[in-house]
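Chemist: Input file: target31.txt. Contents: compact mmCIF, C-alpha atoms.
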# COMPACT_ATOMS: atom_id res chain seq x y z
CA MET A 1 9.67 -7.98 -18.20
CA GLN A 2 10.74 -11.61 -18.01
CA SER A 3 10.07 -12.37 -14.39
CA ASP A 4 8.80 -15.88 -14.12
CA ILE A 5 12.09 -17.68 -14.71
CA PRO A 6 14.31 -17.54 -11.63
CA LEU A 7 17.98 -17.59 -12.56
CA ILE A 8 20.35 -19.98 -10.85
CA ARG A 9 23.57 -18.26 -9.81
CA MET A 10 26.51 -20.50 -9.03
CA ASP A 11 29.44 -18.13 -8.79
CA GLY A 12 31.25 -20.14 -6.16
CA LEU A 13 31.36 -17.24 -3.71
CA GLU A 14 28.32 -18.34 -1.79
CA ALA A 15 26.08 -21.34 -1.74
CA PRO A 16 24.17 -21.76 -5.01
CA SER A 17 21.39 -19.23 -4.97
CA VAL A 18 18.21 -18.42 -6.78
CA VAL A 19 18.03 -14.74 -7.64
CA THR A 20 14.94 -12.93 -8.80
CA PRO A 21 15.61 -10.65 -11.75
CA ILE A 22 12.91 -8.10 -10.92
CA ASN A 23 13.66 -7.53 -7.24
CA THR A 24 16.37 -8.06 -4.66
CA LEU A 25 15.19 -11.41 -3.28
CA VAL A 26 17.85 -14.13 -3.20
CA PHE A 27 17.28 -17.65 -1.90
CA PHE A 28 20.04 -20.10 -0.95
CA PRO A 29 18.34 -23.49 -1.10
CA GLY A 30 21.45 -25.25 0.19
CA LYS A 31 21.16 -23.51 3.54
CA CYS A 32 17.43 -24.12 4.03
CA VAL A 33 16.56 -26.42 6.92
CA ASN A 34 12.85 -26.49 6.09
CA CYS A 35 11.69 -24.91 9.35
CA GLY A 36 8.84 -23.22 7.49
CA ARG A 37 9.18 -19.78 9.12
CA CYS A 38 9.24 -18.03 5.74
CA LEU A 39 5.95 -19.72 4.89
CA ASP A 40 4.46 -18.21 8.06
CA VAL A 41 5.68 -14.67 7.59
CA CYS A 42 5.42 -14.04 3.84
CA PRO A 43 2.29 -12.01 3.05
CA HIS A 44 2.32 -12.99 -0.64
CA ARG A 45 3.01 -16.73 -0.66
CA VAL A 46 6.39 -16.31 -2.33
CA PHE A 47 7.65 -19.56 -0.80
CA GLN A 48 5.96 -22.93 -0.94
CA ARG A 49 6.34 -26.05 1.14
CA ALA A 50 8.24 -28.75 -0.70
CA GLU A 51 10.25 -31.90 -0.09
CA GLY A 52 13.32 -31.32 2.10
CA ARG A 53 13.39 -27.54 1.68
CA VAL A 54 11.03 -24.77 0.72
CA ARG A 55 10.63 -23.76 -2.89
CA LEU A 56 10.80 -20.22 -4.26
CA ALA A 57 7.43 -20.42 -5.96
CA ARG A 58 6.35 -16.85 -6.72
CA PRO A 59 9.42 -14.58 -6.56
CA GLU A 60 7.72 -11.93 -8.70
CA SER A 61 5.18 -11.35 -5.91
CA CYS A 62 7.86 -10.37 -3.40
CA MET A 63 7.33 -6.88 -1.97
CA GLU A 64 10.69 -6.83 -0.19
CA CYS A 65 9.21 -6.41 3.29
CA GLY A 66 12.15 -8.37 4.68
CA ALA A 67 10.15 -10.57 7.06
CA CYS A 68 11.55 -13.83 5.68
CA GLN A 69 15.16 -12.70 5.89
CA LEU A 70 14.79 -11.45 9.44
CA ASN A 71 13.08 -14.64 10.57
CA CYS A 72 15.32 -17.12 8.80
CA ALA A 73 17.62 -18.47 11.52
CA VAL A 74 20.06 -19.98 8.99
CA SER A 75 20.28 -16.94 6.65
CA ALA A 76 19.00 -18.83 3.62
CA ILE A 77 17.16 -15.76 2.36
CA LYS A 78 18.55 -12.37 1.48
CA VAL A 79 16.54 -9.36 0.45
CA ASP A 80 17.26 -5.66 0.39
CA SER A 81 14.19 -4.72 2.39
CA GLY A 82 12.45 -1.40 2.24
CA VAL A 83 9.10 0.28 1.85
CA GLY A 84 7.63 0.49 -1.65
CA CYS A 85 6.29 4.00 -1.26
CA ALA A 86 6.88 6.59 -3.96
CA ALA A 87 5.55 9.39 -1.74
CA ALA A 88 8.23 8.63 0.86
CA MET A 89 11.01 8.32 -1.74
CA ILE A 90 10.09 11.57 -3.45
CA LYS A 91 9.82 13.33 -0.10
CA ALA A 92 13.20 11.94 0.94
CA ALA A 93 14.77 13.11 -2.34
CA ILE A 94 13.35 16.61 -1.95
CA ARG A 95 14.49 16.94 1.67
CA GLY A 96 17.85 15.37 0.91
CA LYS A 97 17.28 12.64 3.49
CA LYS A 98 18.20 9.04 2.89
CA GLU A 99 14.74 7.70 3.59
CA VAL A 100 11.56 8.77 5.29
CA THR A 101 9.00 6.31 6.62
CA CYS A 102 5.39 6.39 7.76
CA GLY A 103 4.70 8.44 10.85
CA GLU A 104 5.77 11.94 11.74
CA ASP A 105 8.04 12.11 8.67
CA CYS A 106 5.44 11.26 6.09
CA CYS A 107 1.67 10.95 5.61
CA GLU A 108 1.12 12.80 8.86
CA MET B 109 -16.68 -0.75 21.68
CA THR B 110 -17.96 2.53 23.02
CA ALA B 111 -19.16 5.58 21.13
CA SER B 112 -15.86 7.29 21.87
CA ASN B 113 -13.97 4.34 20.32
CA LYS B 114 -16.08 4.67 17.20
CA TRP B 115 -15.51 8.41 17.03
CA ASP B 116 -11.78 7.79 17.41
CA HIS B 117 -11.87 5.30 14.51
CA PHE B 118 -13.80 7.72 12.33
CA THR B 119 -11.36 10.57 12.94
CA ALA B 120 -8.42 8.21 12.31
CA ARG B 121 -9.94 7.19 8.97
CA VAL B 122 -10.33 10.79 7.80
CA GLY B 123 -6.78 11.54 8.89
CA TYR B 124 -7.64 13.89 11.74
CA LYS B 125 -4.72 14.13 14.20
CA ARG B 126 -3.06 11.11 12.62
CA MET B 127 -0.43 10.74 15.30
CA TYR B 128 -2.75 10.91 18.29
CA HIS B 129 -4.75 7.71 18.09
CA ARG B 130 -2.75 5.97 20.73
CA VAL B 131 -3.11 3.37 23.44
CA GLU B 132 -0.82 3.46 26.46
CA PRO B 133 1.86 0.74 25.91
CA GLY B 134 1.89 -2.05 28.47
CA LEU B 135 0.18 -5.28 29.48
CA TYR B 136 -3.61 -5.55 29.38
CA GLY B 137 -5.92 -8.34 30.49
CA VAL B 138 -8.98 -9.26 28.44
CA GLY B 139 -11.78 -11.13 30.21
CA SER B 140 -10.42 -13.12 33.14
CA PRO B 141 -7.00 -14.37 32.01
CA LYS B 142 -5.09 -16.94 34.06
CA SER B 143 -1.39 -17.71 34.10
CA ASP B 144 -1.77 -20.14 31.18
CA SER B 145 -3.79 -17.74 28.99
CA PRO B 146 -2.30 -16.70 25.65
CA VAL B 147 -0.45 -13.40 25.16
CA PHE B 148 -1.17 -11.40 22.01
CA VAL B 149 1.15 -8.60 20.97
CA SER B 150 -0.19 -5.43 19.34
CA ALA B 151 0.72 -1.90 18.33
CA ASN B 152 -0.33 1.17 20.28
CA TYR B 153 -2.46 2.49 17.43
CA THR B 154 -6.13 2.47 18.39
CA LEU B 155 -7.28 0.88 15.10
CA SER B 156 -4.78 -2.00 15.56
CA PHE B 157 -5.47 -2.52 19.25
CA ASP B 158 -9.25 -2.31 18.88
CA SER B 159 -9.39 -4.67 15.91
CA LEU B 160 -7.50 -7.19 18.02
CA ARG B 161 -9.60 -6.87 21.16
CA THR B 162 -12.90 -6.90 19.30
CA SER B 163 -11.90 -10.05 17.39
CA LEU B 164 -11.14 -12.16 20.43
CA ASN B 165 -14.67 -13.46 20.80
CA GLY B 166 -14.49 -14.25 24.48
CA ILE B 167 -10.93 -15.63 24.52
CA ASP B 168 -9.46 -14.81 27.93
CA CYS B 169 -5.99 -13.48 27.25
CA TYR B 170 -3.35 -10.83 27.73
CA ILE B 171 -2.48 -8.12 25.24
CA LEU B 172 1.05 -6.78 25.26
CA VAL B 173 0.91 -3.34 23.65
CA LEU B 174 4.21 -2.17 22.21
CA ASP B 175 5.16 1.47 21.85
CA THR B 176 4.98 1.91 18.08
CA LYS B 177 4.45 5.69 18.32
CA GLY B 178 0.81 5.39 17.31
CA ILE B 179 1.59 3.58 14.05
CA ASN B 180 -0.16 0.39 12.89
CA VAL B 181 1.51 -3.01 13.08
CA TRP B 182 2.67 -3.40 9.46
CA CYS B 183 4.02 0.13 8.99
CA ALA B 184 5.66 0.07 12.41
CA ALA B 185 7.27 -3.28 11.57
CA GLY B 186 8.64 -1.79 8.35
CA LYS B 187 10.16 0.98 10.41
CA GLY B 188 11.37 -1.40 13.12
CA THR B 189 9.43 0.18 15.99
CA PHE B 190 7.27 -2.93 16.10
CA GLY B 191 10.43 -4.92 16.50
CA THR B 192 12.69 -7.27 18.39
CA ASP B 193 14.15 -4.59 20.68
CA GLU B 194 10.78 -3.17 21.68
CA ILE B 195 9.34 -6.64 22.39
CA VAL B 196 12.28 -7.60 24.60
CA ARG B 197 12.08 -4.25 26.39
CA ARG B 198 8.30 -4.44 26.88
CA VAL B 199 8.37 -8.06 28.13
CA GLU B 200 10.94 -6.94 30.68
CA ALA B 201 9.14 -3.73 31.68
CA THR B 202 5.79 -5.42 32.25
CA GLY B 203 7.21 -8.35 34.21
CA LEU B 204 5.42 -10.73 31.86
CA LYS B 205 7.52 -13.67 33.07
CA ASP B 206 5.87 -13.44 36.48
CA VAL B 207 2.38 -13.00 35.08
CA VAL B 208 2.22 -16.04 32.80
CA SER B 209 3.55 -19.54 33.35
CA HIS B 210 4.17 -20.27 29.65
CA ARG B 211 6.74 -18.66 27.35
CA THR B 212 4.88 -17.95 24.12
CA LEU B 213 3.95 -14.69 22.42
CA ILE B 214 1.43 -14.57 19.59
CA LEU B 215 2.30 -11.82 17.12
CA PRO B 216 0.30 -10.56 14.17
CA GLN B 217 1.93 -11.96 11.02
CA LEU B 218 2.44 -8.46 9.66
CA GLY B 219 4.70 -7.68 12.62
CA ALA B 220 7.29 -10.04 11.11
CA PRO B 221 9.17 -7.46 8.95
CA GLY B 222 10.39 -5.89 12.21
CA VAL B 223 10.80 -8.97 14.35
CA SER B 224 13.35 -11.73 14.39
CA ALA B 225 11.59 -14.61 16.13
CA HIS B 226 14.79 -16.49 17.03
CA GLU B 227 16.36 -13.27 18.39
CA VAL B 228 13.36 -12.65 20.63
CA LYS B 229 13.60 -16.21 21.95
CA LYS B 230 17.31 -15.83 22.65
CA ARG B 231 16.97 -12.47 24.37
CA SER B 232 13.69 -12.78 26.27
CA GLY B 233 13.08 -16.50 26.59
CA PHE B 234 9.74 -16.13 24.83
CA LYS B 235 8.94 -18.14 21.75
CA VAL B 236 7.28 -16.16 18.96
CA GLU B 237 4.35 -17.58 17.08
CA TYR B 238 2.96 -15.67 14.14
CA GLY B 239 -0.81 -15.49 14.12
CA PRO B 240 -2.93 -14.65 11.09
CA VAL B 241 -2.68 -11.43 9.06
CA ARG B 242 -6.15 -10.28 10.05
CA ALA B 243 -7.29 -10.17 13.67
CA LYS B 244 -10.74 -11.49 12.75
CA ASP B 245 -9.16 -14.88 11.97
CA ILE B 246 -7.77 -15.24 15.50
CA PRO B 247 -10.59 -17.42 16.93
CA GLU B 248 -10.21 -19.82 13.99
CA TYR B 249 -6.42 -19.73 14.39
CA MET B 250 -6.71 -20.62 18.07
CA ARG B 251 -9.09 -23.49 17.29
CA MET B 252 -6.86 -24.99 14.60
CA GLY B 253 -3.57 -24.18 16.31
CA GLU B 254 -2.22 -22.80 13.04
CA ALA B 255 -3.09 -20.41 10.24
CA ASN B 256 -4.00 -21.66 6.79
CA GLU B 257 -2.78 -20.14 3.53
CA GLU B 258 -5.78 -17.87 3.22
CA MET B 259 -5.20 -16.39 6.69
CA ARG B 260 -1.54 -15.84 5.85
CA THR B 261 -2.12 -13.97 2.61
CA VAL B 262 -2.50 -10.22 2.26
CA ARG B 263 -4.94 -9.01 -0.34
CA PHE B 264 -6.19 -5.58 -1.36
CA PRO B 265 -9.96 -5.91 -1.76
CA LEU B 266 -12.35 -3.10 -2.69
CA ARG B 267 -13.23 -2.41 0.94
CA ASP B 268 -9.59 -1.91 1.92
CA ARG B 269 -8.98 0.34 -1.08
CA ALA B 270 -12.14 2.40 -0.57
CA ILE B 271 -11.45 3.04 3.10
CA LEU B 272 -8.24 4.87 2.12
CA ILE B 273 -10.05 7.50 0.05
CA PRO B 274 -10.87 9.87 2.95
CA VAL B 275 -7.21 9.96 3.98
CA GLU B 276 -6.19 10.42 0.34
CA ILE B 277 -8.57 13.38 0.11
CA LYS B 278 -7.05 14.83 3.27
CA ASN B 279 -3.50 14.34 1.98
CA TRP B 280 -4.23 15.96 -1.39
CA LEU B 281 -6.69 18.54 -0.08
CA TRP B 282 -4.39 21.46 -0.88
CA LEU B 283 -4.39 20.41 -4.52
CA LEU B 284 -8.02 19.31 -4.63
CA ALA B 285 -9.22 22.67 -3.34
CA LEU B 286 -6.58 25.10 -4.55
CA LEU B 287 -6.10 24.10 -8.17
CA PRO B 288 -9.76 24.23 -9.31
CA ILE B 289 -10.32 27.57 -7.54
CA LEU B 290 -7.18 29.05 -9.05
CA LEU B 291 -8.05 27.84 -12.52
CA PHE B 292 -11.63 29.01 -12.14
CA LEU B 293 -10.41 32.53 -11.40
CA VAL B 294 -8.06 32.45 -14.36
CA GLY B 295 -10.03 30.56 -16.96
CA GLY B 296 -13.57 29.83 -15.80
CA TRP B 297 -15.42 26.62 -15.16
CA PHE B 298 -13.86 24.45 -17.89
CA PRO B 299 -10.24 24.36 -16.63
CA ALA B 300 -11.53 24.22 -13.05
CA LEU B 301 -13.59 21.14 -13.82
CA LEU B 302 -10.65 19.63 -15.66
CA ALA B 303 -8.40 20.05 -12.63
CA LEU B 304 -11.05 18.72 -10.26
CA MET B 305 -11.52 15.65 -12.45
CA THR B 306 -7.78 15.03 -12.59
CA VAL B 307 -7.29 15.16 -8.83
CA LEU B 308 -10.48 13.21 -8.07
CA GLY B 309 -9.48 10.66 -10.69
CA GLY B 310 -6.17 10.13 -8.94
CA ILE B 311 -7.31 10.06 -5.33
CA ALA B 312 -10.72 8.39 -5.58
CA MET B 313 -11.29 6.62 -8.89
CA PHE B 314 -7.79 5.18 -9.08
CA PRO B 315 -7.93 3.25 -5.78
CA LEU B 316 -11.39 1.91 -6.66
CA LEU B 317 -10.43 0.83 -10.18
CA LEU B 318 -6.87 -0.35 -9.40
CA PRO B 319 -7.23 -4.05 -10.22
CA PHE B 320 -9.40 -3.41 -13.27
CA LEU B 321 -7.08 -1.01 -15.07
CA PRO B 322 -5.01 -2.81 -17.69
CA THR B 323 -1.15 -2.78 -17.53
CA ASP B 324 1.01 -3.86 -14.61
CA ASP B 325 2.32 -0.95 -12.66
CA PHE B 326 0.71 1.93 -10.81
CA THR B 327 1.90 4.79 -13.02
CA SER B 328 0.85 3.27 -16.31
CA LYS B 329 -2.51 2.33 -14.78
CA GLY B 330 -2.83 5.98 -13.79
CA MET B 331 -1.98 7.03 -17.33
CA VAL B 332 -4.71 4.81 -18.75
CA LEU B 333 -7.22 6.30 -16.32
CA GLY B 334 -5.98 9.84 -17.05
CA LEU B 335 -6.37 9.34 -20.78
CA THR B 336 -9.88 7.94 -20.35
CA LEU B 337 -10.88 10.91 -18.22
CA ALA B 338 -9.34 13.33 -20.71
CA VAL B 339 -11.36 12.07 -23.68
CA PRO B 340 -14.59 14.03 -23.06
CA PHE B 341 -12.65 17.19 -22.19
CA SER B 342 -10.45 16.90 -25.26
CA PHE B 343 -13.42 16.35 -27.56
CA TYR B 344 -15.22 19.30 -26.02
CA ALA B 345 -12.16 21.49 -26.64
CA ILE B 346 -11.81 20.28 -30.22
CA TYR B 347 -15.51 20.77 -30.88
CA THR B 348 -15.68 24.26 -29.40
CA GLY B 349 -12.27 25.51 -30.60
CA ALA B 350 -12.29 28.84 -32.46
CA GLU B 351 -10.33 27.24 -35.26
CA VAL B 352 -9.69 23.61 -36.15
CA LEU B 353 -5.99 23.88 -35.35
CA ILE B 354 -6.52 25.71 -32.09
CA GLY B 355 -9.17 23.21 -31.02
CA LEU B 356 -6.90 20.30 -31.87
CA ALA B 357 -3.97 21.84 -30.02
CA SER B 358 -5.95 22.42 -26.85
CA GLY B 359 -7.53 18.95 -27.09
CA VAL B 360 -4.11 17.32 -27.25
CA ALA B 361 -2.80 19.63 -24.53
CA ILE B 362 -5.62 18.57 -22.19
CA ALA B 363 -4.67 14.92 -22.61
CA LEU B 364 -0.98 15.76 -22.11
CA LEU B 365 -1.84 17.45 -18.81
CA MET B 366 -4.41 15.04 -17.42
CA VAL B 367 -2.45 11.85 -18.15
CA PRO B 368 0.63 12.75 -16.05
CA GLY B 369 -1.60 14.45 -13.47
CA VAL B 370 -3.57 11.32 -12.66
CA ALA B 371 -0.47 9.13 -13.10
CA TYR B 372 1.55 11.11 -10.58
CA ILE B 373 -1.13 10.71 -7.91
CA ALA B 374 -1.37 7.03 -8.86
CA LEU B 375 2.39 6.62 -8.39
CA ASN B 376 2.06 8.13 -4.93
CA PHE B 377 -0.54 5.50 -4.07
CA THR B 378 2.12 2.75 -4.13
CA GLY B 379 2.80 3.17 -0.42
CA CYS B 380 -0.88 2.75 0.41
CA SER B 381 -1.05 -0.54 -1.45
CA THR B 382 -0.33 -3.90 0.12
CA TYR B 383 2.08 -5.20 -2.49
CA ALA B 384 4.40 -2.55 -4.00
CA SER B 385 8.10 -3.31 -3.57
CA ARG B 386 10.85 -0.73 -3.24
CA THR B 387 12.63 -2.03 -6.34
CA GLY B 388 9.39 -1.85 -8.31
CA VAL B 389 8.60 1.69 -7.17
CA ARG B 390 12.14 2.87 -7.85
CA ARG B 391 11.86 1.46 -11.36
CA GLU B 392 8.53 3.24 -11.87
CA ILE B 393 10.02 6.54 -10.72
CA PHE B 394 12.96 6.28 -13.11
CA THR B 395 10.85 5.03 -16.01
CA TYR B 396 7.90 7.36 -15.83
CA ILE B 397 8.89 10.62 -14.10
CA PRO B 398 10.90 11.93 -17.12
CA LEU B 399 8.06 10.94 -19.43
CA MET B 400 5.47 12.63 -17.22
CA VAL B 401 7.51 15.82 -16.93
CA GLY B 402 7.89 15.84 -20.72
CA MET B 403 4.15 15.42 -21.19
CA ALA B 404 3.29 18.16 -18.69
CA VAL B 405 5.75 20.63 -20.20
CA THR B 406 4.59 19.93 -23.76
CA GLY B 407 0.97 20.14 -22.64
CA THR B 408 1.52 23.47 -20.90
CA VAL B 409 3.32 24.97 -23.91
CA LEU B 410 0.69 23.72 -26.33
CA MET B 411 -2.13 25.00 -24.13
CA SER B 412 -0.48 28.41 -23.79
CA ILE B 413 -0.06 28.66 -27.54
CA SER B 414 -3.67 27.75 -28.22
CA ILE B 415 -4.94 30.22 -25.61
CA VAL B 416 -2.79 33.05 -26.98
CA ALA B 417 -3.73 32.09 -30.53
CA SER B 418 -7.45 32.19 -29.84
CA TYR B 419 -7.18 35.57 -28.08
CA MET B 420 -5.18 37.04 -30.92
CA GLY B 421 -7.65 35.70 -33.42
CA TRP B 422 -4.74 33.98 -35.12
CA ALA B 423 -5.10 30.96 -37.35
Take the structure from the file and write it as structure tokens.
Modeler:
Amino acid sequence: MQSDIPLIRMDGLEAPSVVTPINTLVFFPGKCVNCGRCLDVCPHRVFQRAEGRVRLARPESCMECGACQLNCAVSAIKVDSGVGCAAAMIKAAIRGKKEVTCGEDCCE
Amino acid sequence: MTASNKWDHFTARVGYKRMYHRVEPGLYGVGSPKSDSPVFVSANYTLSFDSLRTSLNGIDCYILVLDTKGINVWCAAGKGTFGTDEIVRRVEATGLKDVVSHRTLILPQLGAPGVSAHEVKKRSGFKVEYGPVRAKDIPEYMRMGEANEEMRTVRFPLRDRAILIPVEIKNWLWLLALLPILLFLVGGWFPALLALMTVLGGIAMFPLLLPFLPTDDFTSKGMVLGLTLAVPFSFYAIYTGAEVLIGLASGVAIALLMVPGVAYIALNFTGCSTYASRTGVRREIFTYIPLMVGMAVTGTVLMSISIVASYMGWA
């Protein structure tokens, strides 16, 4: 899987973005105000401090937890967040539910 | 930490009454906090709350315990129960504004997937600061006033993987106990041992060996482990087979059963890991489940044929 080369999408619909081919993480560098929140919340050092705005340094390490998106006040990051748990997905598929998460639903 | 705390932690780790290791939500004081003492936010799961309060090393502070339904910080954040709404509600309910003179909450970094810091500020007046991932780094964090890269990074070291094994055993106990007994009654010690090895391989050896198995994803790592574990069994079957062909067939069948067996348990370990993404797991499910079903079906057919053949004295 070619994962280390982020593609630049410039379709004119939104600010130029950097999409990650192997997951749902999308970064809009033009919107970034360099507050550094994403650097605080990311558990896998996906973003890196850089001049003027942060840099999407390790997009392939993104686990789609959604912390950066939720804490980005200027919406410069988009990610379809969810839990990477096969047990939950399989359980949800069997029970016909959309999604089950940790707790009473699963792993109880 | 009292003996009853330690007993509670032990039972939590073996998965006994998973949903009942709870702390009453609310505001707690640690040491002798004053109005300018820091406020740490935690989940109402005993393992989360206790790891925080035992890491404070004499820091006088408040702990705001959210109602996360007895779930740890990271999982609760993923679900949203450790989240913006609950923080705003709990700050209100505890009258925190009248207890402290400052307006800062220190959250565990792993609470962030459920919390929008700027939303909390807007709705409650409290500024959110994200502390380190691990509570044990809190004293250092307070000294430096910020967390360094190391404190902000989640890893999955041997200790963290090994501590999951008891819960894995509990979760797969029905299979771990039932399958070997059933196969022992039907076919004796050899298939029973084979089943035991498959399940133990998946729930115990896989977590321990995770970073050392070649290949990238969980399922293929599980397949590599399954194949390795199958080798001695397959050779035994080939060596002891009534006929060369029958021996070969059952040897191949063993591999075709053990590989998807271990791999399926390995796939289910994704949610226990600290780095699997939903996109990645979805891809693994679609890539490997058909393959694993194919292997298991072929293996079962081949095994049945070789059993029937050896009984009939065919070959």
Chemist: Could you list, with a cut-off of 7 Å and counting all atoms listed in the file, the residues of chain B near chain A, each shown with its nearest atom pair and the distance in Å rounded to one decimal, rows sorted by chain and ascending number, as JSON lines?
Modeler:
{"residue": "B:Arg126", "atom": "CA", "partner": "A:Glu108", "partner_atom": "CA", "distance": 5.9}
{"residue": "B:Met127", "atom": "CA", "partner": "A:Glu108", "partner_atom": "CA", "distance": 6.9}
{"residue": "B:Ile179", "atom": "CA", "partner": "A:Gly103", "partner_atom": "CA", "distance": 6.6}
{"residue": "B:Cys183", "atom": "CA", "partner": "A:Cys102", "partner_atom": "CA", "distance": 6.5}
{"residue": "B:Gly186", "atom": "CA", "partner": "A:Val83", "partner_atom": "CA", "distance": 6.8}
{"residue": "B:Lys187", "atom": "CA", "partner": "A:Thr101", "partner_atom": "CA", "distance": 6.6}
{"residue": "B:Gln217", "atom": "CA", "partner": "A:Val41", "partner_atom": "CA", "distance": 5.8}
{"residue": "B:Ala220", "atom": "CA", "partner": "A:Ala67", "partner_atom": "CA", "distance": 5.0}
{"residue": "B:Pro221", "atom": "CA", "partner": "A:Ala67", "partner_atom": "CA", "distance": 3.8}
{"residue": "B:Gly222", "atom": "CA", "partner": "A:Ala67", "partner_atom": "CA", "distance": 7.0}
{"residue": "B:Val223", "atom": "CA", "partner": "A:Leu70", "partner_atom": "CA", "distance": 6.8}
{"residue": "B:Ser224", "atom": "CA", "partner": "A:Asn71", "partner_atom": "CA", "distance": 4.8}
{"residue": "B:Ala225", "atom": "CA", "partner": "A:Asn71", "partner_atom": "CA", "distance": 5.8}
{"residue": "B:His226", "atom": "CA", "partner": "A:Ala73", "partner_atom": "CA", "distance": 6.5}
{"residue": "B:Tyr238", "atom": "CA", "partner": "A:Asp40", "partner_atom": "CA", "distance": 6.8}
{"residue": "B:Arg260", "atom": "CA", "partner": "A:Pro43", "partner_atom": "CA", "distance": 6.1}
{"residue": "B:Thr261", "atom": "CA", "partner": "A:Pro43", "partner_atom": "CA", "distance": 4.8}
{"residue": "B:Val262", "atom": "CA", "partner": "A:Pro43", "partner_atom": "CA", "distance": 5.2}
{"residue": "B:Leu375", "atom": "CA", "partner": "A:Ala86", "partner_atom": "CA", "distance": 6.3}
{"residue": "B:Asn376", "atom": "CA", "partner": "A:Ala87", "partner_atom": "CA", "distance": 4.9}
{"residue": "B:Thr378", "atom": "CA", "partner": "A:Cys85", "partner_atom": "CA", "distance": 5.2}
{"residue": "B:Gly379", "atom": "CA", "partner": "A:Cys85", "partner_atom": "CA", "distance": 3.7}
{"residue": "B:Tyr383", "atom": "CA", "partner": "A:Met63", "partner_atom": "CA", "distance": 5.5}
{"residue": "B:Ala384", "atom": "CA", "partner": "A:Gly84", "partner_atom": "CA", "distance": 5.0}
{"residue": "B:Ser385", "atom": "CA", "partner": "A:Met63", "partner_atom": "CA", "distance": 4.0}
{"residue": "B:Arg386", "atom": "CA", "partner": "A:Gly84", "partner_atom": "CA", "distance": 3.8}
{"residue": "B:Thr387", "atom": "CA", "partner": "A:Asn23", "partner_atom": "CA", "distance": 5.7}
{"residue": "B:Val389", "atom": "CA", "partner": "A:Gly84", "partner_atom": "CA", "distance": 5.7}
Chemist: Can you tell me, as a ChimeraX atom specification, what residues are no more than 7 Å from stretch 400-408 of chain B when counting only C-alpha atoms, ignoring any on the same chain fewer than 4 positions away?
Modeler: /B:361-362,364-365,368,396,412
Chemist: Grab the atom CA of B:Ile397 to atom CA of B:Thr327 distance for me, in Å with one decimal place.
Modeler: 9.2 Å
Chemist: At a cut-off of 7 Å, using all atoms listed in the file, what residues contact B:Ile214? Leave out same-chain residues fewer than 2 positions from it and give the result as an MDAnalysis selection string.
Modeler: chainID B and resid 147:149 212 216 236:239
Chemist: Given all atoms listed in the file as the basis, pick out the residue of B:Val207, B:Leu321, B:Ile277, B:Leu174 nearest to B:Glu194.
Modeler: B:Leu174
Chemist: Draw an axis-aligned box over all listed atoms of stretch 324-339 of chain B, pad each side with 4 Å, and write its centre and edge lengths in Å, one decimal, as AutoDock Vina command-line options.
Modeler:
--center_x -4.5 --center_y 4.7 --center_z -17.2 --size_x 21.7 --size_y 25.2 --size_z 20.9
